[in-house]
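Quick notes on the structure that follows.
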Amino acid sequence: MTLPANVQCNGATVTVSLVKIVGSPQAKELYLRAVATKNGARGEVLQLVYIGLGRSKVFDYTYFINNFGWYQGGSSGNIVANGDVRSNGNFDMTSKPLINGDITASTNTDLGVTGTVTMDSAKYTAAALSAYVSSTAYNLARPGSPPSTTSTTKWAMGYPGTSTTYNQTPGLDMPYLGNLTLYEDQATASGATLKVGSTTVTTNGIYSGAGPDGVVGTADDGMLILVGTTANPITLNGPVVVRGDVVIKGVVTGQGTIYSGRNIHIADNITYKNGPSWSKPDNNPANTANTNRSKDLLALCAKGNIVVGDYTNSTWSGAVATYLKPTFTKPYTTDSGDATLGYDTDRNSANGYKFDGNYTGTDGGKTLYASGTSLLQRNRLYYESANEKAFKTTTASNSITRIDAVCYTNHAFAGKVGALTINGALISRDEAIAFSGNVKFNWDIRIGSRSRDASTMDIDIYLPKVLTMQTEYWRN
């Protein structure tokens, strides 16, 4: 490493005399020693800085949107968030949603917004702590803080019974899923496995098979369909990588993350076999936390989109497509890894990588479809799978009512559903949910950065990370 030349600072000559980097490829310790001299006097500063991949604070929210946030549609109280909500832009709300948590909007120069929370005249409501901790309606949501009606002890990241609005805050960086090699390395090193019943479907934590058509070299290479039942659940242990699309529904058990190299299609309900619960009131929250650490926890992380419901049905596109293109979405900068999935709209890397925000356009790939007894291919839309024929065999539903999972995507979370409850989190750039009746978000406190319920849970399932830097040691 080339050391910087001497620099002048307030009349003193400062020289960096030591730069030493040690550690693994994923984490480094940087030793810096600067020596300053002035008028014959000498001073020295030694600093130890940790640089590595750390837990992203986007997972501290039950609903985080890396764009404009919005809770709109329906009647009073039909949108419920048991957890904090946030956007990297303005946040607009109508129809008096119930927000048992804080609301945060962020200044965003790319979007040209100052970061304001806008409400209609009805504003929103929040449950009082006494009501929250005494109601069984919230048993799939985080604890109260305090967790019982008789306790005065605060519970970290629990619901305090108040909802605060924050405007013009700095934005949060998304842990962008570019090259999945890092996650493949983690999958192999951790011995991660993915099974359906007794059948293991990954090798070294990775699935890269021929796809549902069974032919190597076709559009659906690397695509995997997962259907779990109570007798033969989808069993996950650690972080696994599926290089193509994932189609998933049914019963899931274990703890881990499924990374998809493109889209994740949630075809019907996803339910935990042994899920967590936070009873209310709770006189022993530490015991509850210990019990829940071994309960099922699934994260679905898509390099492309998370698509919910039967996108092949015209009612799906009729309800959702309007919200998957400008003006509801905005153009944004991507990277070379996403350009291979079509997220460089003009297909010209010479002028950088930028997506125009229209998910209803073609992405440059193909999807396989049935025509009589033949299997043909046609141009594929961003929200479509790589094998439409195989997708249809899963009998997808547009009346999904439950998703037990932490859902994370670089791009859009979109779907047509019934009265939907998400037990986990929704984190994406764009969101387009057409729901029937109501939609509810129950934050899984086990993924919180300051949560006493988390312990090492975040490390165990390998949620997406961001680059972090902090000073570990400083000495004059």
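Chain lettering (A, B, ...) mirrors the order of the structure tokens, residue numbering begins at 1 for each chain separately, and ligand numbering begins at 1 in order of display.
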Near segment 300-316 of chain A, 8 Å: segment 393-426 of chain A residue rows, closest pairs, only C-alpha atoms, as a Markdown table:
```
| residue | atom | partner | partner_atom | distance |
| --- | --- | --- | --- | --- |
| A:Ala396 | CA | A:Asp310 | CA | 5.0 |
| A:Ser397 | CA | A:Gly309 | CA | 5.2 |
| A:Asn398 | CA | A:Gly309 | CA | 4.7 |
| A:Ser399 | CA | A:Gly309 | CA | 7.4 |
| A:Ile400 | CA | A:Gly309 | CA | 6.9 |
| A:Ala405 | CA | A:Leu300 | CA | 6.7 |
| A:Val406 | CA | A:Leu300 | CA | 6.1 |
| A:Cys407 | CA | A:Leu300 | CA | 5.0 |
| A:Tyr408 | CA | A:Cys301 | CA | 4.6 |
| A:Thr409 | CA | A:Ala302 | CA | 4.7 |
| A:Asn410 | CA | A:Lys303 | CA | 5.6 |
| A:His411 | CA | A:Asn305 | CA | 5.4 |
| A:Ala412 | CA | A:Asn305 | CA | 4.9 |
| A:Phe413 | CA | A:Ile306 | CA | 4.8 |
| A:Ala414 | CA | A:Val307 | CA | 5.1 |
| A:Gly415 | CA | A:Val308 | CA | 4.2 |
| A:Lys416 | CA | A:Trp316 | CA | 5.6 |
| A:Val417 | CA | A:Gly309 | CA | 6.5 |
```
Exercise: Val247 of chain A partners within 7 Å, only C-alpha atoms, chain neighbours under 5 positions left out, as a PyMOL selection string = chain A and resi 224-226+264-267
Can I get the selection written as a PDB file, in the first residue's frame, with C-alpha atoms?
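This went into result26.pdb:
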```pdb
ATOM      1  CA  LEU A 224     -36.460 -24.713  -8.155  1.00  0.00           C
ATOM      2  CA  ILE A 225     -40.022 -25.478  -7.044  1.00  0.00           C
ATOM      3  CA  LEU A 226     -40.575 -26.073  -3.311  1.00  0.00           C
ATOM      4  CA  ILE A 264     -38.950 -15.697  -5.715  1.00  0.00           C
ATOM      5  CA  HIS A 265     -42.564 -16.628  -6.455  1.00  0.00           C
ATOM      6  CA  ILE A 266     -44.780 -17.192  -3.409  1.00  0.00           C
ATOM      7  CA  ALA A 267     -47.497 -19.361  -4.918  1.00  0.00           C
TER       8      ALA A 267
END
```
Compare A:Asp296, A:Asp268, A:Glu431, A:Asp346 by their minimum atom-to-atom distance to Lys392 of chain A, counting only C-alpha atoms, and give me the closest one.
->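 Once distances to Lys392 of chain A are computed over only C-alpha atoms, the minimum belongs to A:Asp268.
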Hey, what does DSSP flag as strand (DSSP E) within segment 139-343 of chain A? Can you give it to me as an NGL selection string?
-> :A and (165-169 or 193-196 or 199-200 or 206-207 or 224-228 or 234-242 or 246-260 or 264-272 or 297-302 or 306-308 or 332-333)
Hey, what's within 9 Å of segment 333-337 of chain A if we count only C-alpha atoms and toss same-chain stuff fewer than 4 positions away? As number ranges by chain, please?
-> A: 177-179, 341, 343-344, 349, 352-356
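Within segment 30-221 of chain A, residues classed as helix (DSSP H, G or I) by DSSP on backbone coordinates are A:Lys57, A:Val58, A:Phe59, A:Asp60, A:Leu129, A:Ser130, A:Ala131, A:Tyr132, A:Val133, A:Thr136, A:Ala137, A:Tyr138, A:Thr181, A:Leu182, A:Tyr183, A:Glu184, A:Asp185, A:Gln186, A:Ala187, A:Thr188, A:Ala189, A:Ser190.
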Dump as a PDB file, in the first residue's frame, selection limited to N, CA and C atoms:
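The resulting file, selection.pdb, is reproduced below:
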```pdb
ATOM      1  N   LYS A  57     -29.539  -2.247   9.415  1.00  0.00           N
ATOM      2  CA  LYS A  57     -30.651  -1.767  10.230  1.00  0.00           C
ATOM      3  C   LYS A  57     -31.975  -1.747   9.467  1.00  0.00           C
ATOM      4  N   VAL A  58     -31.970  -2.077   8.165  1.00  0.00           N
ATOM      5  CA  VAL A  58     -33.251  -2.160   7.460  1.00  0.00           C
ATOM      6  C   VAL A  58     -34.127  -3.263   8.047  1.00  0.00           C
ATOM      7  N   PHE A  59     -33.490  -4.247   8.698  1.00  0.00           N
ATOM      8  CA  PHE A  59     -34.259  -5.342   9.282  1.00  0.00           C
ATOM      9  C   PHE A  59     -34.850  -4.981  10.645  1.00  0.00           C
ATOM     10  N   ASP A  60     -34.636  -3.740  11.082  1.00  0.00           N
ATOM     11  CA  ASP A  60     -35.278  -3.258  12.303  1.00  0.00           C
ATOM     12  C   ASP A  60     -36.720  -2.807  12.045  1.00  0.00           C
ATOM     13  N   LEU A 129     -50.290   0.890  25.231  1.00  0.00           N
ATOM     14  CA  LEU A 129     -49.520  -0.269  25.688  1.00  0.00           C
ATOM     15  C   LEU A 129     -50.394  -1.253  26.456  1.00  0.00           C
ATOM     16  N   SER A 130     -51.273  -0.751  27.295  1.00  0.00           N
ATOM     17  CA  SER A 130     -52.133  -1.630  28.092  1.00  0.00           C
ATOM     18  C   SER A 130     -53.010  -2.503  27.207  1.00  0.00           C
ATOM     19  N   ALA A 131     -53.509  -1.934  26.100  1.00  0.00           N
ATOM     20  CA  ALA A 131     -54.333  -2.705  25.167  1.00  0.00           C
ATOM     21  C   ALA A 131     -53.486  -3.709  24.393  1.00  0.00           C
ATOM     22  N   TYR A 132     -52.283  -3.291  24.021  1.00  0.00           N
ATOM     23  CA  TYR A 132     -51.403  -4.137  23.225  1.00  0.00           C
ATOM     24  C   TYR A 132     -50.981  -5.379  24.005  1.00  0.00           C
ATOM     25  N   VAL A 133     -50.546  -5.203  25.249  1.00  0.00           N
ATOM     26  CA  VAL A 133     -50.005  -6.336  26.010  1.00  0.00           C
ATOM     27  C   VAL A 133     -51.101  -7.212  26.616  1.00  0.00           C
ATOM     28  N   THR A 136     -54.672 -10.975  22.823  1.00  0.00           N
ATOM     29  CA  THR A 136     -54.116 -12.141  22.125  1.00  0.00           C
ATOM     30  C   THR A 136     -54.021 -11.886  20.624  1.00  0.00           C
ATOM     31  N   ALA A 137     -54.598 -10.794  20.140  1.00  0.00           N
ATOM     32  CA  ALA A 137     -54.535 -10.480  18.706  1.00  0.00           C
ATOM     33  C   ALA A 137     -53.115 -10.209  18.245  1.00  0.00           C
ATOM     34  N   TYR A 138     -52.224  -9.891  19.201  1.00  0.00           N
ATOM     35  CA  TYR A 138     -50.860  -9.526  18.836  1.00  0.00           C
ATOM     36  C   TYR A 138     -49.846 -10.623  19.185  1.00  0.00           C
ATOM     37  N   THR A 181     -21.777 -14.770  -4.945  1.00  0.00           N
ATOM     38  CA  THR A 181     -20.663 -15.646  -4.573  1.00  0.00           C
ATOM     39  C   THR A 181     -20.432 -15.657  -3.073  1.00  0.00           C
ATOM     40  N   LEU A 182     -20.509 -14.488  -2.435  1.00  0.00           N
ATOM     41  CA  LEU A 182     -20.321 -14.407  -0.988  1.00  0.00           C
ATOM     42  C   LEU A 182     -21.294 -15.329  -0.274  1.00  0.00           C
ATOM     43  N   TYR A 183     -22.559 -15.322  -0.694  1.00  0.00           N
ATOM     44  CA  TYR A 183     -23.576 -16.126  -0.030  1.00  0.00           C
ATOM     45  C   TYR A 183     -23.412 -17.610  -0.369  1.00  0.00           C
ATOM     46  N   GLU A 184     -22.913 -17.897  -1.573  1.00  0.00           N
ATOM     47  CA  GLU A 184     -22.597 -19.285  -1.898  1.00  0.00           C
ATOM     48  C   GLU A 184     -21.458 -19.792  -1.024  1.00  0.00           C
ATOM     49  N   ASP A 185     -20.458 -18.949  -0.803  1.00  0.00           N
ATOM     50  CA  ASP A 185     -19.349 -19.333   0.079  1.00  0.00           C
ATOM     51  C   ASP A 185     -19.863 -19.592   1.495  1.00  0.00           C
ATOM     52  N   GLN A 186     -20.770 -18.742   1.974  1.00  0.00           N
ATOM     53  CA  GLN A 186     -21.342 -18.935   3.306  1.00  0.00           C
ATOM     54  C   GLN A 186     -22.156 -20.221   3.365  1.00  0.00           C
ATOM     55  N   ALA A 187     -22.902 -20.501   2.310  1.00  0.00           N
ATOM     56  CA  ALA A 187     -23.713 -21.713   2.268  1.00  0.00           C
ATOM     57  C   ALA A 187     -22.842 -22.956   2.373  1.00  0.00           C
ATOM     58  N   THR A 188     -21.763 -22.986   1.613  1.00  0.00           N
ATOM     59  CA  THR A 188     -20.867 -24.145   1.623  1.00  0.00           C
ATOM     60  C   THR A 188     -20.134 -24.266   2.953  1.00  0.00           C
ATOM     61  N   ALA A 189     -19.609 -23.142   3.448  1.00  0.00           N
ATOM     62  CA  ALA A 189     -18.828 -23.169   4.685  1.00  0.00           C
ATOM     63  C   ALA A 189     -19.669 -23.565   5.891  1.00  0.00           C
ATOM     64  N   SER A 190     -20.941 -23.179   5.897  1.00  0.00           N
ATOM     65  CA  SER A 190     -21.797 -23.470   7.044  1.00  0.00           C
ATOM     66  C   SER A 190     -22.448 -24.838   6.975  1.00  0.00           C
TER      67      SER A 190
END
```
